[in-house]
Amino acid sequence: MQVKDLLDIADFGIRMLTSDPAALERTVRWTFTTDLPDPSRYIAGGELVITGLMWRHCAADSAIFVQAVFDSGAAALAAGEGLLGHIPDDLVEACERHGLPLLAIPDSVSFNEVTEFLVGRVSGDRIAALNSSLTRQRQLLTAIAEGRALDELALHTTRETGMQCLIFTATGRRLVVEAHPFSDADVDSLTHRALSAERLPATVTLDGGRTYSIFGIGASLSTRAMRWFVAVAGDFEAFDPSIADAFGQLASIAALDRARREEGRLVRREIADQAVHLLEEDWSKAETLVRLRQAGVDPDHPIVVISASFVGRGDMRELLRTVLSDTLTSFGGGCVGGGSKGDVVGIVATKGVDIVPILRTRLRRLAPGIGRSRLVVGVSSEVTGTALEGAIHAARHASTVALSSDRQVAVVAAGDLHSALSLVSILPDRVRREYTQRVLGPLLDYNTDSGLVETLREFLAHGGSWNRTAEVLHVHLNTVRYRIKRIEELLGRDLGSTADRLDVFLALQSIGPADTRA
């Protein structure tokens, strides 16, 4: 019930003594009668505090009493006129100062009458709210069971409460079709706040001064970057209990919907892993093509391959599966499986859309939720048919290039790399192995514990600079000179020659950082 409801009871004749009309809308959740000078320890918040003024011996006592009641979060104060025959001005002034509504109870009305009325009314309101909540819950559960989409339920809740909402993932994928679309800048702000807030719910102010409250969905998940969120227009601290309950029910239903979708993803997970592994082994096998189609990818249509990994964080692979699957859902889902190189591989039909800027936008939104970890992503060019095998290598090479970026979330497209490197990266495995063996065979057959391969990588990466290579490897300059001379002897190459250096560089990129022989 609200404060104004007490003023509507003609038999009580209760009057409002303070001047703030907005105070009439305050919700009263219970009642507490006291004549203690400081009743704060007994006030939980939201009560109508009733007092007979027995604590007042002088004007200064009013300021102390009102301060204690206000600080405790009471909804309003009601004072009886029976003791003094009136309500003292100092009490009215103290309540005005704190914005605490003050009611006067005539001496003809007992506190018990007021308490009985209020308790009956509040209890009735609670029962009605509970029935309404249960009815809403049944309606939502029935709608989910009937297969209604989550966005339909969100729009239903928006119409019921009059408050706009948005359900979104950590990458900013929107799970509802909202009546008033959010801009990309709005979604950036929402995801950043959802992932960086110390605790949820939390508020965020969007462009134009609009305030939204963000609630988490799926609190059992270990990291926020794997969760869904619901944003509701307004500040949650000012929400009416019925509003909070309505969106709480929606969040619960969204969690059920999320769990149902995850079950389906887990069923497809093994097929996706098999498809990726078979593609790595031999794209031309009939079984490979069957598995790709079962995983939701038609190799006869234009597709791209994505290689993604958290640098040095194999424990975050499950998170990466989740966010990459979430991102690719907008393109029909495709196939997301574990690669043999410790990465997560995505294979998806582009449908004529440039997927790279979308990946950059969505994956970079994860930055506040992944701590100091670095996410590197490589994306192949669009391919079909026989180029599939090379597309995985192209994506992995682009991912290796992304390592050199200073961005926390780096996405590199194979099409953006130098042409010679791109051409080599998409060659079939057999051709690349033969090329690598022909150029680097003697070096790879040599004892790799000598540090020759690592020295060669750094030497080429730093444009043939002896000094810079020595600094990076933390060795003496003469050690670098000796190693490069030994490499040239083994390979029969002159690393001062542009042609020889290019051959060695391309062959070295083909084997990967850890693909050397003992």
# chains A, B, ... in the order shown; residues from 1 in each chain; ligands from 1
call {"tool": "residues_around", "arguments": {"residues": "stretch 98-106 of chain A", "least_positions_apart": "6", "cutoff": "10 Å", "atoms": "only C-alpha atoms", "output": "PDB file with N, CA, C and O atoms, in the first residue's frame"}}
result
ATOM      1  N   VAL A   3       1.331   5.601   1.101  1.00  0.00           N
ATOM      2  CA  VAL A   3       1.020   6.539   2.187  1.00  0.00           C
ATOM      3  C   VAL A   3      -0.341   7.185   1.980  1.00  0.00           C
ATOM      4  O   VAL A   3      -1.129   7.357   2.928  1.00  0.00           O
ATOM      5  N   LEU A   6      -3.720   5.817   3.555  1.00  0.00           N
ATOM      6  CA  LEU A   6      -4.113   6.118   4.934  1.00  0.00           C
ATOM      7  C   LEU A   6      -4.936   7.401   4.998  1.00  0.00           C
ATOM      8  O   LEU A   6      -5.826   7.545   5.851  1.00  0.00           O
ATOM      9  N   LEU A   7      -4.648   8.330   4.089  1.00  0.00           N
ATOM     10  CA  LEU A   7      -5.383   9.604   4.097  1.00  0.00           C
ATOM     11  C   LEU A   7      -6.791   9.450   3.536  1.00  0.00           C
ATOM     12  O   LEU A   7      -7.657  10.305   3.753  1.00  0.00           O
ATOM     13  N   PHE A  12     -10.594   7.660   9.969  1.00  0.00           N
ATOM     14  CA  PHE A  12      -9.360   7.941  10.703  1.00  0.00           C
ATOM     15  C   PHE A  12      -9.085   9.443  10.800  1.00  0.00           C
ATOM     16  O   PHE A  12      -8.619   9.933  11.826  1.00  0.00           O
ATOM     17  N   GLY A  13      -9.336  10.185   9.753  1.00  0.00           N
ATOM     18  CA  GLY A  13      -9.067  11.628   9.756  1.00  0.00           C
ATOM     19  C   GLY A  13      -7.583  11.950   9.844  1.00  0.00           C
ATOM     20  O   GLY A  13      -7.187  12.998  10.381  1.00  0.00           O
ATOM     21  N   ILE A  14      -6.754  11.073   9.320  1.00  0.00           N
ATOM     22  CA  ILE A  14      -5.310  11.298   9.352  1.00  0.00           C
ATOM     23  C   ILE A  14      -4.949  12.397   8.359  1.00  0.00           C
ATOM     24  O   ILE A  14      -5.462  12.449   7.245  1.00  0.00           O
ATOM     25  N   ARG A  15      -4.029  13.303   8.802  1.00  0.00           N
ATOM     26  CA  ARG A  15      -3.646  14.437   7.964  1.00  0.00           C
ATOM     27  C   ARG A  15      -2.149  14.371   7.636  1.00  0.00           C
ATOM     28  O   ARG A  15      -1.350  13.881   8.428  1.00  0.00           O
ATOM     29  N   MET A  16      -1.802  14.921   6.469  1.00  0.00           N
ATOM     30  CA  MET A  16      -0.404  15.033   6.055  1.00  0.00           C
ATOM     31  C   MET A  16       0.104  16.406   6.475  1.00  0.00           C
ATOM     32  O   MET A  16      -0.496  17.429   6.131  1.00  0.00           O
ATOM     33  N   LEU A  17       1.211  16.462   7.241  1.00  0.00           N
ATOM     34  CA  LEU A  17       1.729  17.727   7.751  1.00  0.00           C
ATOM     35  C   LEU A  17       2.921  18.255   6.959  1.00  0.00           C
ATOM     36  O   LEU A  17       3.228  19.449   7.047  1.00  0.00           O
ATOM     37  N   THR A  18       3.602  17.408   6.218  1.00  0.00           N
ATOM     38  CA  THR A  18       4.731  17.861   5.402  1.00  0.00           C
ATOM     39  C   THR A  18       4.237  18.190   3.998  1.00  0.00           C
ATOM     40  O   THR A  18       3.142  17.797   3.599  1.00  0.00           O
ATOM     41  N   SER A  19       5.081  18.900   3.231  1.00  0.00           N
ATOM     42  CA  SER A  19       4.586  19.534   2.007  1.00  0.00           C
ATOM     43  C   SER A  19       4.927  18.819   0.701  1.00  0.00           C
ATOM     44  O   SER A  19       4.509  19.282  -0.357  1.00  0.00           O
ATOM     45  N   ASP A  20       5.681  17.715   0.739  1.00  0.00           N
ATOM     46  CA  ASP A  20       6.104  17.058  -0.503  1.00  0.00           C
ATOM     47  C   ASP A  20       4.995  16.137  -1.012  1.00  0.00           C
ATOM     48  O   ASP A  20       4.752  15.071  -0.442  1.00  0.00           O
ATOM     49  N   PRO A  21       4.316  16.501  -2.123  1.00  0.00           N
ATOM     50  CA  PRO A  21       3.211  15.658  -2.626  1.00  0.00           C
ATOM     51  C   PRO A  21       3.698  14.299  -3.138  1.00  0.00           C
ATOM     52  O   PRO A  21       2.944  13.323  -3.125  1.00  0.00           O
ATOM     53  N   ALA A  22       4.960  14.241  -3.598  1.00  0.00           N
ATOM     54  CA  ALA A  22       5.478  12.969  -4.109  1.00  0.00           C
ATOM     55  C   ALA A  22       5.561  11.914  -3.009  1.00  0.00           C
ATOM     56  O   ALA A  22       5.547  10.710  -3.280  1.00  0.00           O
ATOM     57  N   ALA A  23       5.615  12.380  -1.741  1.00  0.00           N
ATOM     58  CA  ALA A  23       5.722  11.448  -0.623  1.00  0.00           C
ATOM     59  C   ALA A  23       4.474  10.580  -0.491  1.00  0.00           C
ATOM     60  O   ALA A  23       4.517   9.494   0.089  1.00  0.00           O
ATOM     61  N   LEU A  24       3.361  11.038  -1.042  1.00  0.00           N
ATOM     62  CA  LEU A  24       2.125  10.267  -0.966  1.00  0.00           C
ATOM     63  C   LEU A  24       2.224   8.948  -1.733  1.00  0.00           C
ATOM     64  O   LEU A  24       1.472   8.008  -1.465  1.00  0.00           O
ATOM     65  N   ARG A  26       4.810   6.975  -1.744  1.00  0.00           N
ATOM     66  CA  ARG A  26       5.737   6.028  -1.114  1.00  0.00           C
ATOM     67  C   ARG A  26       5.023   4.749  -0.694  1.00  0.00           C
ATOM     68  O   ARG A  26       3.882   4.781  -0.225  1.00  0.00           O
ATOM     69  N   LEU A  48       5.882   2.190   8.203  1.00  0.00           N
ATOM     70  CA  LEU A  48       5.246   3.378   8.757  1.00  0.00           C
ATOM     71  C   LEU A  48       5.536   3.341  10.257  1.00  0.00           C
ATOM     72  O   LEU A  48       5.062   2.440  10.965  1.00  0.00           O
ATOM     73  N   VAL A  49       6.353   4.271  10.715  1.00  0.00           N
ATOM     74  CA  VAL A  49       6.704   4.317  12.133  1.00  0.00           C
ATOM     75  C   VAL A  49       5.657   5.159  12.860  1.00  0.00           C
ATOM     76  O   VAL A  49       5.426   6.325  12.508  1.00  0.00           O
ATOM     77  N   ILE A  50       5.011   4.577  13.875  1.00  0.00           N
ATOM     78  CA  ILE A  50       3.971   5.263  14.646  1.00  0.00           C
ATOM     79  C   ILE A  50       4.524   5.572  16.038  1.00  0.00           C
ATOM     80  O   ILE A  50       5.106   4.700  16.686  1.00  0.00           O
ATOM     81  N   THR A  51       4.339   6.802  16.491  1.00  0.00           N
ATOM     82  CA  THR A  51       4.866   7.185  17.801  1.00  0.00           C
ATOM     83  C   THR A  51       3.874   8.059  18.564  1.00  0.00           C
ATOM     84  O   THR A  51       3.129   8.850  17.966  1.00  0.00           O
ATOM     85  N   GLY A  52       3.876   7.901  19.902  1.00  0.00           N
ATOM     86  CA  GLY A  52       3.017   8.722  20.758  1.00  0.00           C
ATOM     87  C   GLY A  52       3.735   9.930  21.317  1.00  0.00           C
ATOM     88  O   GLY A  52       3.185  10.648  22.163  1.00  0.00           O
ATOM     89  N   ALA A  63      14.820  16.474  16.369  1.00  0.00           N
ATOM     90  CA  ALA A  63      15.856  16.312  15.343  1.00  0.00           C
ATOM     91  C   ALA A  63      16.555  14.966  15.481  1.00  0.00           C
ATOM     92  O   ALA A  63      16.830  14.289  14.486  1.00  0.00           O
ATOM     93  N   VAL A  66      13.958  12.033  14.442  1.00  0.00           N
ATOM     94  CA  VAL A  66      13.686  12.015  13.002  1.00  0.00           C
ATOM     95  C   VAL A  66      14.919  11.538  12.219  1.00  0.00           C
ATOM     96  O   VAL A  66      14.804  10.772  11.260  1.00  0.00           O
ATOM     97  N   GLN A  67      16.102  11.975  12.661  1.00  0.00           N
ATOM     98  CA  GLN A  67      17.331  11.530  11.998  1.00  0.00           C
ATOM     99  C   GLN A  67      17.457  10.013  12.049  1.00  0.00           C
ATOM    100  O   GLN A  67      17.788   9.363  11.048  1.00  0.00           O
ATOM    101  N   VAL A  69      15.037   7.764  12.451  1.00  0.00           N
ATOM    102  CA  VAL A  69      13.981   7.129  11.645  1.00  0.00           C
ATOM    103  C   VAL A  69      14.309   7.235  10.163  1.00  0.00           C
ATOM    104  O   VAL A  69      14.177   6.262   9.397  1.00  0.00           O
ATOM    105  N   PHE A  70      14.760   8.408   9.741  1.00  0.00           N
ATOM    106  CA  PHE A  70      15.087   8.624   8.326  1.00  0.00           C
ATOM    107  C   PHE A  70      16.262   7.740   7.888  1.00  0.00           C
ATOM    108  O   PHE A  70      16.203   7.089   6.834  1.00  0.00           O
ATOM    109  N   ASP A  71      17.323   7.712   8.676  1.00  0.00           N
ATOM    110  CA  ASP A  71      18.507   6.926   8.327  1.00  0.00           C
ATOM    111  C   ASP A  71      18.199   5.432   8.245  1.00  0.00           C
ATOM    112  O   ASP A  71      18.896   4.682   7.543  1.00  0.00           O
ATOM    113  N   GLY A  73      15.580   4.142   6.897  1.00  0.00           N
ATOM    114  CA  GLY A  73      14.851   3.831   5.679  1.00  0.00           C
ATOM    115  C   GLY A  73      13.346   3.711   5.840  1.00  0.00           C
ATOM    116  O   GLY A  73      12.686   3.080   4.994  1.00  0.00           O
ATOM    117  N   ALA A  74      12.776   4.283   6.896  1.00  0.00           N
ATOM    118  CA  ALA A  74      11.325   4.226   7.082  1.00  0.00           C
ATOM    119  C   ALA A  74      10.615   4.941   5.932  1.00  0.00           C
ATOM    120  O   ALA A  74      11.137   5.910   5.369  1.00  0.00           O
ATOM    121  N   ALA A  75       9.411   4.481   5.601  1.00  0.00           N
ATOM    122  CA  ALA A  75       8.643   5.099   4.514  1.00  0.00           C
ATOM    123  C   ALA A  75       8.001   6.405   4.969  1.00  0.00           C
ATOM    124  O   ALA A  75       7.909   7.361   4.194  1.00  0.00           O
ATOM    125  N   ALA A  76       7.545   6.454   6.228  1.00  0.00           N
ATOM    126  CA  ALA A  76       6.851   7.639   6.736  1.00  0.00           C
ATOM    127  C   ALA A  76       6.805   7.572   8.264  1.00  0.00           C
ATOM    128  O   ALA A  76       7.029   6.511   8.869  1.00  0.00           O
ATOM    129  N   LEU A  77       6.491   8.713   8.872  1.00  0.00           N
ATOM    130  CA  LEU A  77       6.337   8.801  10.328  1.00  0.00           C
ATOM    131  C   LEU A  77       4.926   9.288  10.632  1.00  0.00           C
ATOM    132  O   LEU A  77       4.424  10.234  10.017  1.00  0.00           O
ATOM    133  N   ALA A  78       4.245   8.616  11.568  1.00  0.00           N
ATOM    134  CA  ALA A  78       2.904   9.029  12.005  1.00  0.00           C
ATOM    135  C   ALA A  78       2.954   9.317  13.500  1.00  0.00           C
ATOM    136  O   ALA A  78       3.374   8.457  14.281  1.00  0.00           O
ATOM    137  N   ALA A  79       2.548  10.520  13.892  1.00  0.00           N
ATOM    138  CA  ALA A  79       2.599  10.913  15.300  1.00  0.00           C
ATOM    139  C   ALA A  79       1.181  11.121  15.827  1.00  0.00           C
ATOM    140  O   ALA A  79       0.334  11.727  15.166  1.00  0.00           O
ATOM    141  N   GLY A  80       0.917  10.618  17.050  1.00  0.00           N
ATOM    142  CA  GLY A  80      -0.393  10.786  17.671  1.00  0.00           C
ATOM    143  C   GLY A  80      -0.519  12.134  18.370  1.00  0.00           C
ATOM    144  O   GLY A  80       0.450  12.646  18.946  1.00  0.00           O
ATOM    145  N   GLU A  81      -1.708  12.706  18.315  1.00  0.00           N
ATOM    146  CA  GLU A  81      -1.961  14.006  18.957  1.00  0.00           C
ATOM    147  C   GLU A  81      -2.476  13.849  20.378  1.00  0.00           C
ATOM    148  O   GLU A  81      -2.726  14.854  21.064  1.00  0.00           O
ATOM    149  N   GLY A  82      -2.609  12.618  20.859  1.00  0.00           N
ATOM    150  CA  GLY A  82      -3.215  12.389  22.160  1.00  0.00           C
ATOM    151  C   GLY A  82      -2.422  12.966  23.320  1.00  0.00           C
ATOM    152  O   GLY A  82      -2.999  13.482  24.287  1.00  0.00           O
ATOM    153  N   GLY A  85      -1.930  17.077  22.317  1.00  0.00           N
ATOM    154  CA  GLY A  85      -3.084  17.738  21.713  1.00  0.00           C
ATOM    155  C   GLY A  85      -2.762  18.320  20.354  1.00  0.00           C
ATOM    156  O   GLY A  85      -3.650  18.861  19.690  1.00  0.00           O
ATOM    157  N   HIS A  86      -1.517  18.235  19.937  1.00  0.00           N
ATOM    158  CA  HIS A  86      -1.104  18.734  18.631  1.00  0.00           C
ATOM    159  C   HIS A  86       0.247  18.100  18.283  1.00  0.00           C
ATOM    160  O   HIS A  86       0.856  17.420  19.122  1.00  0.00           O
ATOM    161  N   ILE A  87       0.718  18.357  17.071  1.00  0.00           N
ATOM    162  CA  ILE A  87       2.042  17.890  16.655  1.00  0.00           C
ATOM    163  C   ILE A  87       2.984  19.085  16.697  1.00  0.00           C
ATOM    164  O   ILE A  87       2.731  20.102  16.034  1.00  0.00           O
ATOM    165  N   LEU A  91       8.964  19.053  15.238  1.00  0.00           N
ATOM    166  CA  LEU A  91       8.914  17.729  14.612  1.00  0.00           C
ATOM    167  C   LEU A  91       8.588  17.863  13.121  1.00  0.00           C
ATOM    168  O   LEU A  91       9.184  17.178  12.278  1.00  0.00           O
ATOM    169  N   VAL A  92       7.665  18.771  12.803  1.00  0.00           N
ATOM    170  CA  VAL A  92       7.314  19.011  11.399  1.00  0.00           C
ATOM    171  C   VAL A  92       8.536  19.527  10.635  1.00  0.00           C
ATOM    172  O   VAL A  92       8.848  19.068   9.532  1.00  0.00           O
ATOM    173  N   VAL A 114      -5.103   1.792  13.469  1.00  0.00           N
ATOM    174  CA  VAL A 114      -4.263   2.095  12.302  1.00  0.00           C
ATOM    175  C   VAL A 114      -3.413   0.879  11.930  1.00  0.00           C
ATOM    176  O   VAL A 114      -3.285   0.510  10.765  1.00  0.00           O
TER     177      VAL A 114
END
call {"tool": "select_by_dssp", "arguments": {"residues": "stretch 200-392 of chain A", "states": "alpha helix (DSSP H)", "output": "ChimeraX atom specification"}}
result
/A:241-281,286-294,317-328,355-364,388-392
call {"tool": "select_by_dssp", "arguments": {"residues": "stretch 22-220 of chain A", "states": "strand (DSSP E or B)", "output": "ChimeraX atom specification"}}
result
/A:27,30-33,47-51,76-80,102-105,165-169,174,202-205,211-217
call {"tool": "residues_around", "arguments": {"residues": "A:Val297", "least_positions_apart": "4", "cutoff": "7 Å", "atoms": "only C-alpha atoms", "output": "PyMOL selection string"}}
result
chain A and resi 292-293+334-335+348-349
call {"tool": "residues_around", "arguments": {"residues": "A:Val383", "least_positions_apart": "4", "cutoff": "9 Å", "atoms": "only C-alpha atoms", "output": "list in words"}}
result
Pro299, His301, Pro302, Ile303, Val304, Val305, Ala387, Leu388 and Ala391 of chain A
call {"tool": "closest_residue", "arguments": {"among": "A:Val345, A:Thr169, A:Ser380, A:Pro368", "to": "A:Glu198", "atoms": "only C-alpha atoms"}}
result
A:Pro368
call {"tool": "atom_distance", "arguments": {"atom1": "atom CA of A:Arg438", "atom2": "atom CA of A:Asp343"}}
result
28.1 Å
call {"tool": "atom_distance", "arguments": {"atom1": "atom CA of A:Asn478", "atom2": "atom CA of A:Leu491"}}
result
20.1 Å
call {"tool": "closest_residue", "arguments": {"among": "A:His397, A:Arg501, A:Arg493, A:Arg224", "to": "A:Gly463", "atoms": "only C-alpha atoms"}}
result
A:Arg501
call {"tool": "atom_distance", "arguments": {"atom1": "atom CA of A:Gly209", "atom2": "atom CA of A:Ser189"}}
result
12.5 Å
call {"tool": "closest_residue", "arguments": {"among": "A:Gly234, A:Gly296, A:Gly415, A:Gly264", "to": "A:Leu206", "atoms": "only C-alpha atoms"}}
result
A:Gly234
call {"tool": "residues_around", "arguments": {"residues": "A:Phe505", "least_positions_apart": "2", "cutoff": "9 Å", "atoms": "only C-alpha atoms", "output": "count of residues only"}}
result
12
call {"tool": "residues_around", "arguments": {"residues": "stretch 309-324 of chain A", "least_positions_apart": "4", "cutoff": "9 Å", "atoms": "only C-alpha atoms", "output": "PyMOL selection string"}}
result
chain A and resi 169-171+223+225-226+328-329+336-338+342-346+359+363+366+373-377+399+403
call {"tool": "closest_residue", "arguments": {"among": "A:Leu118, A:Val439, A:Cys95, A:Ala246", "to": "A:Asp5", "atoms": "only C-alpha atoms"}}
result
A:Leu118
call {"tool": "decode", "arguments": {"residues": "stretch 88-98 of chain A", "atoms": "all heavy atoms", "output": "PDB file, in the first residue's frame"}}
result
ATOM      1  N   PRO A  88       4.085  19.019  17.457  1.00  0.00           N
ATOM      2  CA  PRO A  88       4.991  20.160  17.613  1.00  0.00           C
ATOM      3  C   PRO A  88       5.605  20.609  16.284  1.00  0.00           C
ATOM      4  O   PRO A  88       5.916  19.784  15.420  1.00  0.00           O
ATOM      5  CB  PRO A  88       6.084  19.633  18.559  1.00  0.00           C
ATOM      6  CG  PRO A  88       5.525  18.410  19.180  1.00  0.00           C
ATOM      7  CD  PRO A  88       4.522  17.857  18.246  1.00  0.00           C
ATOM      8  N   ASP A  89       5.789  21.922  16.149  1.00  0.00           N
ATOM      9  CA  ASP A  89       6.385  22.461  14.924  1.00  0.00           C
ATOM     10  C   ASP A  89       7.802  21.947  14.698  1.00  0.00           C
ATOM     11  O   ASP A  89       8.222  21.762  13.557  1.00  0.00           O
ATOM     12  CB  ASP A  89       6.403  23.998  14.987  1.00  0.00           C
ATOM     13  CG  ASP A  89       5.003  24.590  14.896  1.00  0.00           C
ATOM     14  OD1 ASP A  89       4.093  23.874  14.422  1.00  0.00           O
ATOM     15  OD2 ASP A  89       4.836  25.766  15.283  1.00  0.00           O
ATOM     16  N   ASP A  90       8.548  21.726  15.792  1.00  0.00           N
ATOM     17  CA  ASP A  90       9.935  21.272  15.625  1.00  0.00           C
ATOM     18  C   ASP A  90       9.987  19.878  14.984  1.00  0.00           C
ATOM     19  O   ASP A  90      10.923  19.543  14.248  1.00  0.00           O
ATOM     20  CB  ASP A  90      10.691  21.284  16.953  1.00  0.00           C
ATOM     21  CG  ASP A  90       9.913  20.611  18.069  1.00  0.00           C
ATOM     22  OD1 ASP A  90       9.965  19.371  18.177  1.00  0.00           O
ATOM     23  OD2 ASP A  90       9.268  21.353  18.848  1.00  0.00           O
ATOM     24  N   LEU A  91       8.964  19.053  15.238  1.00  0.00           N
ATOM     25  CA  LEU A  91       8.914  17.729  14.612  1.00  0.00           C
ATOM     26  C   LEU A  91       8.588  17.863  13.121  1.00  0.00           C
ATOM     27  O   LEU A  91       9.184  17.178  12.278  1.00  0.00           O
ATOM     28  CB  LEU A  91       7.865  16.856  15.305  1.00  0.00           C
ATOM     29  CG  LEU A  91       7.732  15.425  14.772  1.00  0.00           C
ATOM     30  CD1 LEU A  91       9.046  14.661  14.916  1.00  0.00           C
ATOM     31  CD2 LEU A  91       6.610  14.688  15.500  1.00  0.00           C
ATOM     32  N   VAL A  92       7.665  18.771  12.803  1.00  0.00           N
ATOM     33  CA  VAL A  92       7.314  19.011  11.399  1.00  0.00           C
ATOM     34  C   VAL A  92       8.536  19.527  10.635  1.00  0.00           C
ATOM     35  O   VAL A  92       8.848  19.068   9.532  1.00  0.00           O
ATOM     36  CB  VAL A  92       6.155  20.017  11.288  1.00  0.00           C
ATOM     37  CG1 VAL A  92       5.841  20.299   9.802  1.00  0.00           C
ATOM     38  CG2 VAL A  92       4.918  19.502  12.000  1.00  0.00           C
ATOM     39  N   GLU A  93       9.264  20.478  11.243  1.00  0.00           N
ATOM     40  CA  GLU A  93      10.445  21.062  10.586  1.00  0.00           C
ATOM     41  C   GLU A  93      11.527  20.010  10.359  1.00  0.00           C
ATOM     42  O   GLU A  93      12.182  19.974   9.297  1.00  0.00           O
ATOM     43  CB  GLU A  93      10.984  22.220  11.416  1.00  0.00           C
ATOM     44  CG  GLU A  93      10.061  23.431  11.449  1.00  0.00           C
ATOM     45  CD  GLU A  93      10.481  24.462  12.492  1.00  0.00           C
ATOM     46  OE1 GLU A  93      11.531  24.227  13.145  1.00  0.00           O
ATOM     47  OE2 GLU A  93       9.777  25.469  12.647  1.00  0.00           O
ATOM     48  N   ALA A  94      11.729  19.138  11.336  1.00  0.00           N
ATOM     49  CA  ALA A  94      12.751  18.088  11.194  1.00  0.00           C
ATOM     50  C   ALA A  94      12.390  17.130  10.059  1.00  0.00           C
ATOM     51  O   ALA A  94      13.251  16.706   9.277  1.00  0.00           O
ATOM     52  CB  ALA A  94      12.906  17.327  12.506  1.00  0.00           C
ATOM     53  N   CYS A  95      11.123  16.791   9.956  1.00  0.00           N
ATOM     54  CA  CYS A  95      10.693  15.896   8.873  1.00  0.00           C
ATOM     55  C   CYS A  95      10.817  16.577   7.513  1.00  0.00           C
ATOM     56  O   CYS A  95      11.202  15.938   6.521  1.00  0.00           O
ATOM     57  CB  CYS A  95       9.252  15.441   9.106  1.00  0.00           C
ATOM     58  SG  CYS A  95       9.074  14.259  10.468  1.00  0.00           S
ATOM     59  N   GLU A  96      10.487  17.856   7.439  1.00  0.00           N
ATOM     60  CA  GLU A  96      10.635  18.603   6.183  1.00  0.00           C
ATOM     61  C   GLU A  96      12.096  18.609   5.739  1.00  0.00           C
ATOM     62  O   GLU A  96      12.404  18.429   4.556  1.00  0.00           O
ATOM     63  CB  GLU A  96      10.146  20.053   6.357  1.00  0.00           C
ATOM     64  CG  GLU A  96       8.646  20.211   6.437  1.00  0.00           C
ATOM     65  CD  GLU A  96       7.969  20.148   5.061  1.00  0.00           C
ATOM     66  OE1 GLU A  96       8.622  19.732   4.087  1.00  0.00           O
ATOM     67  OE2 GLU A  96       6.788  20.507   4.975  1.00  0.00           O
ATOM     68  N   ARG A  97      13.010  18.822   6.679  1.00  0.00           N
ATOM     69  CA  ARG A  97      14.438  18.871   6.351  1.00  0.00           C
ATOM     70  C   ARG A  97      14.924  17.574   5.725  1.00  0.00           C
ATOM     71  O   ARG A  97      15.764  17.570   4.825  1.00  0.00           O
ATOM     72  CB  ARG A  97      15.265  19.164   7.615  1.00  0.00           C
ATOM     73  CG  ARG A  97      15.536  20.625   7.865  1.00  0.00           C
ATOM     74  CD  ARG A  97      16.664  20.834   8.838  1.00  0.00           C
ATOM     75  NE  ARG A  97      16.624  19.984  10.017  1.00  0.00           N
ATOM     76  CZ  ARG A  97      15.965  20.256  11.139  1.00  0.00           C
ATOM     77  NH1 ARG A  97      15.248  21.372  11.208  1.00  0.00           N
ATOM     78  NH2 ARG A  97      16.004  19.428  12.159  1.00  0.00           N
ATOM     79  N   HIS A  98      14.422  16.450   6.208  1.00  0.00           N
ATOM     80  CA  HIS A  98      14.879  15.147   5.738  1.00  0.00           C
ATOM     81  C   HIS A  98      14.009  14.564   4.627  1.00  0.00           C
ATOM     82  O   HIS A  98      14.298  13.472   4.109  1.00  0.00           O
ATOM     83  CB  HIS A  98      14.919  14.153   6.908  1.00  0.00           C
ATOM     84  CG  HIS A  98      16.025  14.423   7.878  1.00  0.00           C
ATOM     85  ND1 HIS A  98      15.878  15.290   8.940  1.00  0.00           N
ATOM     86  CD2 HIS A  98      17.301  13.949   7.924  1.00  0.00           C
ATOM     87  CE1 HIS A  98      17.014  15.333   9.633  1.00  0.00           C
ATOM     88  NE2 HIS A  98      17.898  14.533   9.032  1.00  0.00           N
TER      89      HIS A  98
END
